[in-house]
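File shown: entry_8.pdb (PDB, C-alpha atoms).
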```pdb
ATOM      1  CA  MET Y 150     -46.857  22.199  21.587
ATOM      2  CA  ASP Y 151     -43.929  22.378  24.001
ATOM      3  CA  LEU Y 152     -42.464  19.011  23.099
ATOM      4  CA  VAL Y 153     -41.249  20.058  19.676
ATOM      5  CA  ASP Y 154     -40.016  23.336  18.201
ATOM      6  CA  THR Y 155     -39.828  24.376  14.554
ATOM      7  CA  ILE Y 156     -36.422  22.764  14.007
ATOM      8  CA  ASP Y 157     -37.683  19.511  15.543
ATOM      9  CA  ILE Y 158     -40.604  19.613  13.128
ATOM     10  CA  LYS Y 159     -38.221  19.964  10.191
ATOM     11  CA  ILE Y 160     -36.222  16.998  11.491
ATOM     12  CA  LEU Y 161     -39.341  14.888  12.030
ATOM     13  CA  SER Y 162     -40.659  15.722   8.595
ATOM     14  CA  LEU Y 163     -37.393  14.443   7.086
ATOM     15  CA  LEU Y 164     -37.257  11.336   9.281
ATOM     16  CA  GLN Y 165     -40.866  10.318   8.585
ATOM     17  CA  GLY Y 166     -39.533   9.776   5.079
ATOM     18  CA  ASP Y 167     -36.427   7.895   4.101
ATOM     19  CA  LEU Y 168     -32.782   8.300   5.207
ATOM     20  CA  PRO Y 169     -30.332   8.198   2.299
ATOM     21  CA  ILE Y 170     -28.067   5.167   2.045
ATOM     22  CA  THR Y 171     -24.770   7.002   2.109
ATOM     23  CA  ARG Y 172     -21.848   7.271   4.566
ATOM     24  CA  ARG Y 173     -23.211  10.271   6.453
ATOM     25  CA  PRO Y 174     -26.976  10.298   5.975
ATOM     26  CA  TYR Y 175     -27.676  12.585   8.926
ATOM     27  CA  TYR Y 176     -25.103  15.103   7.708
ATOM     28  CA  ARG Y 177     -26.867  15.276   4.382
ATOM     29  CA  LEU Y 178     -30.259  15.876   6.021
ATOM     30  CA  ALA Y 179     -28.793  18.392   8.483
ATOM     31  CA  LEU Y 180     -27.440  20.383   5.507
ATOM     32  CA  GLN Y 181     -30.949  20.533   4.055
ATOM     33  CA  ILE Y 182     -32.286  22.373   7.091
ATOM     34  CA  GLY Y 183     -29.096  24.308   7.788
ATOM     35  CA  ILE Y 184     -28.070  23.008  11.207
ATOM     36  CA  PRO Y 185     -24.861  21.218  12.240
ATOM     37  CA  GLU Y 186     -24.883  17.439  12.016
ATOM     38  CA  GLU Y 187     -24.120  17.239  15.738
ATOM     39  CA  GLU Y 188     -27.209  19.236  16.652
ATOM     40  CA  PHE Y 189     -29.310  17.136  14.286
ATOM     41  CA  LEU Y 190     -28.176  13.956  16.066
ATOM     42  CA  GLU Y 191     -28.638  15.450  19.540
ATOM     43  CA  ARG Y 192     -32.174  16.467  18.696
ATOM     44  CA  ILE Y 193     -33.050  12.971  17.448
ATOM     45  CA  VAL Y 194     -31.748  11.505  20.696
ATOM     46  CA  ARG Y 195     -33.816  14.004  22.688
ATOM     47  CA  LEU Y 196     -36.978  13.357  20.644
ATOM     48  CA  LYS Y 197     -36.441   9.669  21.290
ATOM     49  CA  GLU Y 198     -36.018  10.212  25.023
ATOM     50  CA  GLU Y 199     -39.235  12.246  25.042
ATOM     51  CA  GLY Y 200     -41.046   9.437  23.264
ATOM     52  CA  VAL Y 201     -41.980  11.465  20.168
ATOM     53  CA  ILE Y 202     -39.733   9.163  18.161
ATOM     54  CA  ARG Y 203     -40.311   5.571  19.158
ATOM     55  CA  GLU Y 204     -37.408   4.233  17.160
ATOM     56  CA  VAL Y 205     -35.132   5.022  14.267
ATOM     57  CA  LYS Y 206     -34.995   1.806  12.302
ATOM     58  CA  VAL Y 207     -35.076   0.020   9.008
ATOM     59  CA  VAL Y 208     -38.650  -0.867   8.160
ATOM     60  CA  LEU Y 209     -38.849  -4.133   6.251
ATOM     61  CA  LYS Y 210     -41.425  -5.214   3.759
ATOM     62  CA  HIS Y 211     -42.101  -8.363   5.731
ATOM     63  CA  GLN Y 212     -43.516 -10.409   2.885
ATOM     64  CA  ARG Y 213     -40.235  -9.823   1.030
ATOM     65  CA  ALA Y 214     -38.222 -10.595   4.147
ATOM     66  CA  GLY Y 215     -39.746 -14.072   4.318
ATOM     67  CA  PHE Y 216     -42.537 -13.315   6.781
ATOM     68  CA  SER Y 217     -45.469 -13.852   4.486
ATOM     69  CA  SER Y 218     -48.074 -14.906   7.024
ATOM     70  CA  GLY Y 219     -49.798 -12.628   9.499
ATOM     71  CA  ALA Y 220     -52.888 -12.673  11.661
ATOM     72  CA  MET Y 221     -54.704 -10.300  13.915
ATOM     73  CA  VAL Y 222     -56.136 -12.187  16.870
ATOM     74  CA  ALA Y 223     -58.783 -10.814  19.252
ATOM     75  CA  TRP Y 224     -58.886 -12.562  22.630
ATOM     76  CA  ALA Y 225     -61.809 -12.957  25.043
ATOM     77  CA  VAL Y 226     -60.001 -11.821  28.167
ATOM     78  CA  PRO Y 227     -61.988 -10.960  31.309
ATOM     79  CA  ASP Y 228     -61.486  -7.409  32.622
ATOM     80  CA  ALA Y 229     -60.020  -8.585  35.892
ATOM     81  CA  SER Y 230     -57.090 -10.384  34.292
ATOM     82  CA  LEU Y 231     -56.605  -8.175  31.231
ATOM     83  CA  ASP Y 232     -53.413  -6.460  32.406
ATOM     84  CA  GLU Y 233     -51.726  -9.610  33.512
ATOM     85  CA  ILE Y 234     -52.600 -11.542  30.361
ATOM     86  CA  ALA Y 235     -51.757  -8.648  28.019
ATOM     87  CA  GLU Y 236     -48.330  -8.266  29.567
ATOM     88  CA  ARG Y 237     -47.758 -11.987  29.315
ATOM     89  CA  ILE Y 238     -48.743 -12.114  25.644
ATOM     90  CA  ALA Y 239     -46.600  -9.036  24.917
ATOM     91  CA  LEU Y 240     -43.520 -11.013  25.972
ATOM     92  CA  ASN Y 241     -43.944 -13.372  23.032
ATOM     93  CA  ALA Y 242     -41.399 -12.372  20.378
ATOM     94  CA  MET Y 243     -43.786 -13.253  17.533
ATOM     95  CA  VAL Y 244     -46.346 -10.729  18.802
ATOM     96  CA  SER Y 245     -45.594  -7.308  17.313
ATOM     97  CA  HIS Y 246     -48.612  -5.364  18.587
ATOM     98  CA  CYS Y 247     -50.813  -5.787  21.646
ATOM     99  CA  TYR Y 248     -53.658  -3.374  22.479
ATOM    100  CA  GLU Y 249     -56.766  -3.163  24.598
ATOM    101  CA  ARG Y 250     -59.616  -2.160  22.289
ATOM    102  CA  PRO Y 251     -62.972  -1.969  24.061
ATOM    103  CA  GLY Y 252     -66.175  -2.314  22.053
ATOM    104  CA  PHE Y 253     -65.533  -5.501  20.105
ATOM    105  CA  GLY Y 254     -67.925  -7.846  21.893
ATOM    106  CA  ASN Y 255     -66.190 -10.065  24.413
ATOM    107  CA  TYR Y 256     -62.835  -9.663  22.673
ATOM    108  CA  PRO Y 257     -61.032  -6.623  24.086
ATOM    109  CA  LEU Y 258     -57.429  -7.733  23.604
ATOM    110  CA  PHE Y 259     -55.981  -7.366  20.108
ATOM    111  CA  THR Y 260     -52.670  -8.829  18.999
ATOM    112  CA  MET Y 261     -50.796  -8.925  15.710
ATOM    113  CA  ILE Y 262     -48.724 -12.013  14.973
ATOM    114  CA  HIS Y 263     -46.293 -12.520  12.093
ATOM    115  CA  GLY Y 264     -44.655 -15.694  10.855
ATOM    116  CA  ARG Y 265     -43.022 -17.347   7.896
ATOM    117  CA  THR Y 266     -46.005 -19.626   7.247
ATOM    118  CA  ASP Y 267     -49.629 -19.980   8.339
ATOM    119  CA  THR Y 268     -48.587 -23.084  10.287
ATOM    120  CA  GLU Y 269     -46.015 -21.094  12.228
ATOM    121  CA  VAL Y 270     -48.578 -18.387  13.049
ATOM    122  CA  ASP Y 271     -51.140 -21.023  14.122
ATOM    123  CA  ALA Y 272     -48.562 -22.595  16.415
ATOM    124  CA  VAL Y 273     -47.943 -19.222  18.101
ATOM    125  CA  ILE Y 274     -51.700 -18.749  18.606
ATOM    126  CA  GLN Y 275     -51.957 -22.235  20.162
ATOM    127  CA  GLU Y 276     -48.984 -21.502  22.366
ATOM    128  CA  ILE Y 277     -50.554 -18.264  23.640
ATOM    129  CA  ALA Y 278     -53.904 -19.992  24.203
ATOM    130  CA  SER Y 279     -52.401 -22.754  26.305
ATOM    131  CA  ASP Y 280     -50.047 -20.375  28.104
ATOM    132  CA  THR Y 281     -52.839 -17.984  29.131
ATOM    133  CA  GLY Y 282     -55.753 -20.407  29.289
ATOM    134  CA  ILE Y 283     -57.729 -18.158  26.919
ATOM    135  CA  HIS Y 284     -59.303 -20.555  24.429
ATOM    136  CA  ASP Y 285     -61.969 -18.170  23.172
ATOM    137  CA  TYR Y 286     -60.417 -16.015  20.455
ATOM    138  CA  ARG Y 287     -60.997 -14.885  16.897
ATOM    139  CA  VAL Y 288     -58.345 -15.176  14.205
ATOM    140  CA  TYR Y 289     -58.300 -12.647  11.369
ATOM    141  CA  ARG Y 290     -55.647 -13.860   9.009
ATOM    142  CA  THR Y 291     -54.244 -11.287   6.585
ATOM    143  CA  LEU Y 292     -55.444 -12.107   3.079
ATOM    144  CA  ARG Y 293     -54.560  -8.962   1.166
ATOM    145  CA  GLU Y 294     -52.827  -5.677   1.805
ATOM    146  CA  PHE Y 295     -54.771  -2.846   0.181
ATOM    147  CA  LYS Y 296     -52.662  -0.064   1.639
ATOM    148  CA  LYS Y 297     -49.659   0.363   3.881
ATOM    149  CA  THR Y 298     -47.995   3.721   4.367
ATOM    150  CA  SER Y 299     -46.494   5.739   7.184
ATOM    151  CA  ALA Y 300     -48.545   8.565   8.566
ATOM    152  CA  LYS Y 301     -47.543  11.999   7.299
ATOM    153  CA  TYR Y 302     -47.494  14.049  10.455
ATOM    154  CA  PHE Y 303     -45.800  17.026   8.902
ATOM    155  CA  SER Y 304     -45.703  18.425   5.448
ATOM    156  CA  GLU Y 305     -42.921  20.800   4.461
ATOM    157  CA  GLY Y 306     -43.234  24.068   6.326
ATOM    158  CA  GLN Y 307     -46.372  23.004   8.146
ATOM    159  CA  ARG Y 308     -46.810  23.450  11.867
ATOM    160  CA  ILE Y 309     -48.461  20.758  13.908
ATOM    161  CA  HIS Y 310     -51.852  21.704  15.280
ATOM    162  CA  ASP Y 311     -52.079  23.447  18.636
ATOM    163  CA  LYS Y 312     -53.772  21.364  21.218
TER     164      LYS Y 312
ATOM    165  CA  MET N  51     -30.789 -12.439   0.560
ATOM    166  CA  ASP N  52     -27.780 -14.291   1.937
ATOM    167  CA  SER N  53     -26.676 -14.845   5.519
ATOM    168  CA  ILE N  54     -24.731 -11.556   5.671
ATOM    169  CA  ASP N  55     -27.779  -9.617   4.457
ATOM    170  CA  LYS N  56     -29.813 -11.292   7.178
ATOM    171  CA  LYS N  57     -27.277 -10.364   9.846
ATOM    172  CA  ILE N  58     -27.358  -6.740   8.723
ATOM    173  CA  LEU N  59     -31.164  -6.598   8.644
ATOM    174  CA  ASN N  60     -31.458  -8.246  12.037
ATOM    175  CA  LEU N  61     -29.396  -5.439  13.525
ATOM    176  CA  VAL N  62     -30.972  -2.484  11.765
ATOM    177  CA  ASN N  63     -34.606  -3.551  11.996
ATOM    178  CA  THR N  64     -34.274  -3.314  15.768
ATOM    179  CA  ALA N  65     -32.539   0.055  15.729
ATOM    180  CA  PHE N  66     -30.653   2.061  13.151
ATOM    181  CA  PRO N  67     -27.669   3.835  14.768
ATOM    182  CA  ILE N  68     -28.140   7.520  15.547
ATOM    183  CA  GLN N  69     -24.496   8.377  14.837
ATOM    184  CA  GLN N  70     -22.439  10.300  12.304
ATOM    185  CA  ARG N  71     -21.494   7.119  10.457
ATOM    186  CA  PRO N  72     -24.365   4.676  11.096
ATOM    187  CA  TYR N  73     -23.277   2.228   8.388
ATOM    188  CA  LEU N  74     -19.756   2.152   9.780
ATOM    189  CA  HIS N  75     -21.214   1.376  13.199
ATOM    190  CA  VAL N  76     -23.170  -1.570  11.761
ATOM    191  CA  ALA N  77     -20.127  -2.668   9.749
ATOM    192  CA  ARG N  78     -17.881  -2.804  12.822
ATOM    193  CA  LYS N  79     -20.364  -4.928  14.730
ATOM    194  CA  LEU N  80     -20.393  -7.458  11.902
ATOM    195  CA  ASP N  81     -16.722  -7.154  10.990
ATOM    196  CA  LEU N  82     -17.473  -5.949   7.467
ATOM    197  CA  PRO N  83     -16.250  -2.971   5.435
ATOM    198  CA  GLU N  84     -18.572   0.069   5.641
ATOM    199  CA  ASP N  85     -18.944   0.194   1.861
ATOM    200  CA  GLU N  86     -20.131  -3.389   1.774
ATOM    201  CA  VAL N  87     -22.899  -2.630   4.285
ATOM    202  CA  ILE N  88     -23.915   0.378   2.183
ATOM    203  CA  ARG N  89     -23.834  -1.631  -1.036
ATOM    204  CA  ARG N  90     -25.880  -4.476   0.454
ATOM    205  CA  MET N  91     -28.464  -2.199   2.025
ATOM    206  CA  ASP N  92     -28.797  -0.310  -1.216
ATOM    207  CA  ALA N  93     -29.465  -3.603  -3.033
ATOM    208  CA  LEU N  94     -32.018  -4.664  -0.388
ATOM    209  CA  LYS N  95     -33.759  -1.339  -0.892
ATOM    210  CA  GLN N  96     -33.836  -1.860  -4.681
ATOM    211  CA  GLU N  97     -35.230  -5.371  -4.195
ATOM    212  CA  GLY N  98     -37.980  -4.004  -1.961
ATOM    213  CA  VAL N  99     -36.963  -5.921   1.160
ATOM    214  CA  ILE N 100     -36.277  -2.585   2.858
ATOM    215  CA  ARG N 101     -39.376  -0.412   2.819
ATOM    216  CA  ARG N 102     -37.720   2.657   4.320
ATOM    217  CA  ILE N 103     -35.128   3.848   6.825
ATOM    218  CA  GLY N 104     -36.459   6.431   9.229
ATOM    219  CA  ALA N 105     -38.227   7.315  12.420
ATOM    220  CA  ILE N 106     -41.273   5.634  13.879
ATOM    221  CA  ILE N 107     -43.235   8.496  15.409
ATOM    222  CA  ASP N 108     -45.695   8.025  18.279
ATOM    223  CA  PRO N 109     -48.939   9.763  17.244
ATOM    224  CA  LYS N 110     -50.240   9.880  20.824
ATOM    225  CA  ARG N 111     -47.160  11.759  22.010
ATOM    226  CA  LEU N 112     -47.910  14.456  19.446
ATOM    227  CA  GLY N 113     -51.515  14.598  20.619
ATOM    228  CA  TRP N 114     -52.817  12.848  17.511
ATOM    229  CA  TYR N 115     -55.664  10.337  17.383
ATOM    230  CA  SER N 116     -55.272   6.856  15.959
ATOM    231  CA  THR N 117     -57.794   4.086  15.599
ATOM    232  CA  LEU N 118     -58.631   0.743  14.014
ATOM    233  CA  CYS N 119     -61.835   0.426  12.017
ATOM    234  CA  ALA N 120     -63.650  -2.692  10.858
ATOM    235  CA  ALA N 121     -66.386  -3.314   8.308
ATOM    236  CA  GLU N 122     -68.079  -6.288   6.716
ATOM    237  CA  ILE N 123     -67.934  -5.716   2.971
ATOM    238  CA  PRO N 124     -69.635  -8.054   0.480
ATOM    239  CA  GLN N 125     -67.328  -9.577  -2.133
ATOM    240  CA  ASP N 126     -68.782  -7.541  -5.006
ATOM    241  CA  LYS N 127     -68.291  -4.268  -3.117
ATOM    242  CA  ILE N 128     -64.633  -4.758  -2.206
ATOM    243  CA  GLU N 129     -63.358  -2.690  -5.120
ATOM    244  CA  ASP N 130     -65.563   0.270  -4.156
ATOM    245  CA  TYR N 131     -64.472  -0.115  -0.577
ATOM    246  CA  VAL N 132     -60.763  -0.050  -1.431
ATOM    247  CA  ARG N 133     -61.155   2.975  -3.690
ATOM    248  CA  ALA N 134     -63.153   4.930  -1.112
ATOM    249  CA  VAL N 135     -60.999   4.082   1.916
ATOM    250  CA  ASN N 136     -57.577   4.377   0.277
ATOM    251  CA  ALA N 137     -58.467   7.820  -1.060
ATOM    252  CA  TYR N 138     -58.038   9.252   2.443
ATOM    253  CA  GLN N 139     -54.414  10.113   3.208
ATOM    254  CA  GLU N 140     -55.322   9.655   6.896
ATOM    255  CA  VAL N 141     -55.752   5.928   6.220
ATOM    256  CA  THR N 142     -52.348   4.303   6.819
ATOM    257  CA  HIS N 143     -53.163   0.569   6.674
ATOM    258  CA  ASN N 144     -55.966  -1.301   4.962
ATOM    259  CA  TYR N 145     -56.340  -5.075   4.879
ATOM    260  CA  LEU N 146     -58.659  -7.809   3.720
ATOM    261  CA  ARG N 147     -58.815 -10.459   6.445
ATOM    262  CA  GLN N 148     -60.283 -13.902   6.800
ATOM    263  CA  GLY N 149     -63.345 -14.014   9.049
ATOM    264  CA  SER N 150     -65.980 -11.437   9.847
ATOM    265  CA  PRO N 151     -65.669  -8.475   9.725
ATOM    266  CA  ASN N 152     -63.432  -8.918   6.706
ATOM    267  CA  CYS N 153     -62.096  -5.392   6.105
ATOM    268  CA  TRP N 154     -59.874  -3.529   8.563
ATOM    269  CA  PHE N 155     -58.172  -0.170   8.233
ATOM    270  CA  THR N 156     -56.288   2.239  10.490
ATOM    271  CA  LEU N 157     -56.699   5.998  10.702
ATOM    272  CA  ILE N 158     -54.281   8.586  12.084
ATOM    273  CA  THR N 159     -55.663  12.124  12.392
ATOM    274  CA  PRO N 160     -54.675  15.296  14.280
ATOM    275  CA  GLU N 161     -57.961  15.146  16.229
ATOM    276  CA  SER N 162     -60.655  12.544  16.857
ATOM    277  CA  LYS N 163     -63.221  14.778  15.173
ATOM    278  CA  ARG N 164     -61.584  14.298  11.781
ATOM    279  CA  ALA N 165     -61.555  10.500  12.214
ATOM    280  CA  GLU N 166     -65.248  10.486  13.117
ATOM    281  CA  GLU N 167     -65.942  12.629  10.057
ATOM    282  CA  ILE N 168     -64.121  10.175   7.769
ATOM    283  CA  ILE N 169     -65.902   7.177   9.294
ATOM    284  CA  SER N 170     -69.254   8.834   8.879
ATOM    285  CA  GLU N 171     -68.483   9.780   5.245
ATOM    286  CA  LEU N 172     -67.485   6.181   4.527
ATOM    287  CA  ARG N 173     -70.623   4.791   6.195
ATOM    288  CA  THR N 174     -72.718   6.958   3.897
ATOM    289  CA  ALA N 175     -70.679   6.314   0.762
ATOM    290  CA  LEU N 176     -70.539   2.541   1.223
ATOM    291  CA  GLY N 177     -73.856   1.994   2.977
ATOM    292  CA  VAL N 178     -72.322  -0.262   5.627
ATOM    293  CA  ASP N 179     -71.655  -0.021   9.325
ATOM    294  CA  ILE N 180     -68.078   0.721  10.327
ATOM    295  CA  GLN N 181     -66.874  -0.124  13.815
ATOM    296  CA  ASN N 182     -64.477   2.322  15.435
ATOM    297  CA  LEU N 183     -62.098   0.539  17.820
ATOM    298  CA  PRO N 184     -59.534   2.968  19.228
ATOM    299  CA  ALA N 185     -57.025   1.480  21.638
ATOM    300  CA  ARG N 186     -57.578   2.245  25.296
ATOM    301  CA  ARG N 187     -54.125   0.987  26.160
ATOM    302  CA  THR N 188     -51.031  -0.081  24.257
ATOM    303  CA  PHE N 189     -49.156  -3.002  25.762
ATOM    304  CA  LYS N 190     -46.687  -3.540  22.959
ATOM    305  CA  ILE N 191     -45.522  -2.154  19.652
ATOM    306  CA  ARG N 192     -42.363  -3.789  18.485
ATOM    307  CA  VAL N 193     -42.125  -4.915  14.919
ATOM    308  CA  HIS N 194     -38.976  -6.939  14.697
ATOM    309  CA  PHE N 195     -38.342  -9.813  12.338
ATOM    310  CA  ASP N 196     -35.752 -12.344  13.337
ATOM    311  CA  LEU N 197     -34.357 -13.351   9.978
ATOM    312  CA  GLU N 198     -31.692 -15.791  11.101
TER     313      GLU N 198
END
```
Would you kindly transcribe this structure into structure tokens?
Amino acid sequence: MDLVDTIDIKILSLLQGDLPITRRPYYRLALQIGIPEEEFLERIVRLKEEGVIREVKVVLKHQRAGFSSGAMVAWAVPDASLDEIAERIALNAMVSHCYERPGFGNYPLFTMIHGRTDTEVDAVIQEIASDTGIHDYRVYRTLREFKKTSAKYFSEGQRIHDK
Amino acid sequence: MDSIDKKILNLVNTAFPIQQRPYLHVARKLDLPEDEVIRRMDALKQEGVIRRIGAIIDPKRLGWYSTLCAAEIPQDKIEDYVRAVNAYQEVTHNYLRQGSPNCWFTLITPESKRAEEIISELRTALGVDIQNLPARRTFKIRVHFDLE
């Protein structure tokens, strides 16, 4: 694939893991693959510009961070207004994910909502319903997390598949 | 977690600086010593508030396939379900949810063929239907928790 070369793959395979909590974390990782820190940083910036890396960030365990309630909500949005309503819902700060997923009956628009309490999440759902006029929706509150990991796109020394 | 911890997390769970001294960069914004930011983040990692620090990669940009799957699993079969589904490294998230269907998991695979293979293996192993609901369009992915 043209987007990433072998050095990029080494960088991505390190960054899909965990950055060390030390003064110069990128320097330490750059040493591991034998390139200058400056190049390591430049490549991350480029991969971000190209959209391969969406974000470099601290991922929180949201239950531990006080956000213990979550719900997936599927909305019955008519095709004709799907774009407009999806973009409107996406503006809500409490909505982390918003996708069109065809094939789930009359409910093509999927959102993920997080909050401190069930009441807070319910209030956001009500707010979206009255804001968009979509009162037909299904709430799938999170009851238990069986698994949550990051995808492993690269293992050490492995090349990504050729498309 | 005190108010300083929350200020730090609010900054870095939006974006972690891509700079030689990222912790110093955070420290300056909050008028704190760099070592204090490092010490606090280290503690938050130990406590499990911080899951990891790293890149969020876009599977689609790499040509990978990702999807959401749903299944209705009877209460007495949940354990079998969890064991079977979690065994696949391609499964990244798996949740029990209120309502029907009650079980939802996500798959990320290099090609759609592999995802279809896994779904079909699980259908056979568990004897239930599994809905495959890949996204046609993504309107938003932004996981940010406002802690303050």
Report as a tab-separated table: every residue of chain Y with an atom at most 7 Å from chain N, its closest pair of atoms, and their distance in Å to one decimal, counting all atoms listed in the file, with rows sorted by chain and ascending residue number.
```
residue	atom	partner	partner_atom	distance
Y:Leu164	CA	N:Gly104	CA	5.0
Y:Gln165	CA	N:Ala105	CA	5.5
Y:Gly166	CA	N:Gly104	CA	6.2
Y:Asp167	CA	N:Ile103	CA	5.0
Y:Leu168	CA	N:Ile103	CA	5.3
Y:Ile170	CA	N:Ile88	CA	6.3
Y:Thr171	CA	N:Ile88	CA	6.7
Y:Arg172	CA	N:Arg71	CA	5.9
Y:Arg173	CA	N:Arg71	CA	5.4
Y:Tyr175	CA	N:Gln70	CA	6.6
Y:Leu190	CA	N:Ile68	CA	6.5
Y:Gly200	CA	N:Arg111	CA	6.7
Y:Val201	CA	N:Asp108	CA	5.4
Y:Ile202	CA	N:Ile107	CA	4.5
Y:Arg203	CA	N:Ile106	CA	5.4
Y:Glu204	CA	N:Ile106	CA	5.3
Y:Val205	CA	N:Ala105	CA	4.3
Y:Lys206	CA	N:Phe66	CA	4.4
Y:Val207	CA	N:Ile103	CA	4.4
Y:Val208	CA	N:Arg102	CA	5.3
Y:Leu209	CA	N:Ile100	CA	4.5
Y:Lys210	CA	N:Val99	CA	5.2
Y:Arg213	CA	N:Val99	CA	5.1
Y:Ala214	CA	N:Val99	CA	5.7
Y:Ala235	CA	N:Phe189	CA	6.6
Y:Glu236	CA	N:Phe189	CA	6.5
Y:Ala239	CA	N:Lys190	CA	5.8
Y:Ser245	CA	N:Val193	CA	4.8
Y:His246	CA	N:Ile191	CA	4.6
Y:Cys247	CA	N:Lys190	CA	4.9
Y:Tyr248	CA	N:Thr188	CA	4.6
Y:Glu249	CA	N:Arg187	CA	5.2
Y:Arg250	CA	N:Ala185	CA	4.5
Y:Pro251	CA	N:Leu183	CA	6.8
Y:Gly252	CA	N:Leu183	CA	6.5
Y:Tyr289	CA	N:Gln148	CA	5.1
Y:Arg290	CA	N:Gln148	CA	5.1
Y:Thr291	CA	N:Arg147	CA	4.6
Y:Leu292	CA	N:Arg147	CA	5.0
Y:Arg293	CA	N:Leu146	CA	5.0
Y:Glu294	CA	N:Tyr145	CA	4.7
Y:Phe295	CA	N:Asn144	CA	5.2
Y:Lys296	CA	N:Asn144	CA	4.8
Y:Lys297	CA	N:His143	CA	4.5
Y:Thr298	CA	N:Thr142	CA	5.0
Y:Ser299	CA	N:Thr142	CA	6.0
Y:Ala300	CA	N:Thr142	CA	6.0
```
field: CA of Lys79 (chain N) to CA of Glu199 (chain Y), distance in Å rounded to a single decimal
entry: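 Value for the CA of Lys79 (chain N)-CA of Glu199 (chain Y) distance: 27.5 Å.
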- prompt: What do you get, as an MDAnalysis selection string, if you spell out every residue that the PyMOL selection byres ((chain Y and resi 157) around 12) selects here?
  reply: chainID Y and resid 150:156 158:165 179 182 184 188:197 201:202 303 306:309
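Taking CA of Asp285 (chain Y) and CA of Val222 (chain Y) as endpoints, the distance between them is 10.5 Å.
CA of Pro174 (chain Y) to CA of Leu80 (chain N) spans 19.8 Å [interatomic distance, one decimal].
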Set up a box along x, y and z of the file covering all listed atoms of region 157-163 of chain Y, add 4 Å on every one of the six sides, and write the centre and edge lengths in Å to one decimal, as lines of an AutoDock Vina configuration file.
```
center_x = -38.4
center_y = 17.2
center_z = 11.3
size_x = 12.4
size_y = 13.5
size_z = 16.5
```
message: Evaluated on this file, the PyMOL selection byres ((chain N and resi 171-178) around 8) picks out some residues - which ones are they, written as a PyMOL selection string?
response: chain N and resi 121-123+130-131+134-135+167-170+179-180
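Nearest residue to Val288 (chain Y), choosing from Y:Ser217, Y:Thr268, Y:Gln181, Y:Thr260 and counting only C-alpha atoms: Y:Thr260.
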query: With distances taken over only C-alpha atoms, which of Y:Tyr176, Y:Ile238, Y:Ser230, Y:Gln212 is nearest to Ser279 (chain Y)?
result: Y:Ile238
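Nearest residue to Asn241 (chain Y) among Y:Asp267, Y:Phe216, Y:Ala223, Y:Ile277 is Y:Ile277, counting all atoms listed in the file.
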- prompt: Which one is closest to Gly219 (chain Y): Y:Asp232, Y:Asp271, Y:Asp280, Y:Glu187? Count only C-alpha atoms.
  reply: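 Comparing Y:Asp232, Y:Asp271, Y:Asp280, Y:Glu187 against Gly219 (chain Y), the winner is Y:Asp271.
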Please complete region 235-243 of chain Y with N, CA, C and O atoms and give it back as an mmCIF file, keeping the file's coordinate frame.
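The new file out08.cif reads:
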```cif
data_model
loop_
_atom_site.group_PDB
_atom_site.id
_atom_site.type_symbol
_atom_site.label_atom_id
_atom_site.label_comp_id
_atom_site.auth_asym_id
_atom_site.auth_seq_id
_atom_site.Cartn_x
_atom_site.Cartn_y
_atom_site.Cartn_z
ATOM 1 N N ALA Y 235 -52.321 -9.473 29.096
ATOM 2 C CA ALA Y 235 -51.757 -8.648 28.019
ATOM 3 C C ALA Y 235 -50.236 -8.576 28.144
ATOM 4 O O ALA Y 235 -49.510 -8.708 27.163
ATOM 5 N N GLU Y 236 -49.774 -8.374 29.368
ATOM 6 C CA GLU Y 236 -48.330 -8.266 29.567
ATOM 7 C C GLU Y 236 -47.618 -9.587 29.281
ATOM 8 O O GLU Y 236 -46.500 -9.610 28.770
ATOM 9 N N ARG Y 237 -48.308 -10.662 29.583
ATOM 10 C CA ARG Y 237 -47.758 -11.987 29.315
ATOM 11 C C ARG Y 237 -47.645 -12.247 27.809
ATOM 12 O O ARG Y 237 -46.621 -12.697 27.310
ATOM 13 N N ILE Y 238 -48.729 -11.911 27.105
ATOM 14 C CA ILE Y 238 -48.743 -12.114 25.644
ATOM 15 C C ILE Y 238 -47.691 -11.211 24.979
ATOM 16 O O ILE Y 238 -47.015 -11.621 24.039
ATOM 17 N N ALA Y 239 -47.540 -9.993 25.505
ATOM 18 C CA ALA Y 239 -46.600 -9.036 24.917
ATOM 19 C C ALA Y 239 -45.159 -9.555 24.953
ATOM 20 O O ALA Y 239 -44.329 -9.152 24.136
ATOM 21 N N LEU Y 240 -44.879 -10.457 25.869
ATOM 22 C CA LEU Y 240 -43.520 -11.013 25.972
ATOM 23 C C LEU Y 240 -43.176 -11.923 24.793
ATOM 24 O O LEU Y 240 -42.011 -12.145 24.491
ATOM 25 N N ASN Y 241 -44.192 -12.464 24.151
ATOM 26 C CA ASN Y 241 -43.944 -13.372 23.032
ATOM 27 C C ASN Y 241 -43.309 -12.613 21.859
ATOM 28 O O ASN Y 241 -43.864 -11.624 21.375
ATOM 29 N N ALA Y 242 -42.151 -13.077 21.419
ATOM 30 C CA ALA Y 242 -41.399 -12.372 20.378
ATOM 31 C C ALA Y 242 -42.143 -12.306 19.046
ATOM 32 O O ALA Y 242 -41.886 -11.418 18.231
ATOM 33 N N MET Y 243 -43.061 -13.228 18.806
ATOM 34 C CA MET Y 243 -43.786 -13.253 17.533
ATOM 35 C C MET Y 243 -44.956 -12.262 17.526
ATOM 36 O O MET Y 243 -45.575 -12.038 16.503
#
```
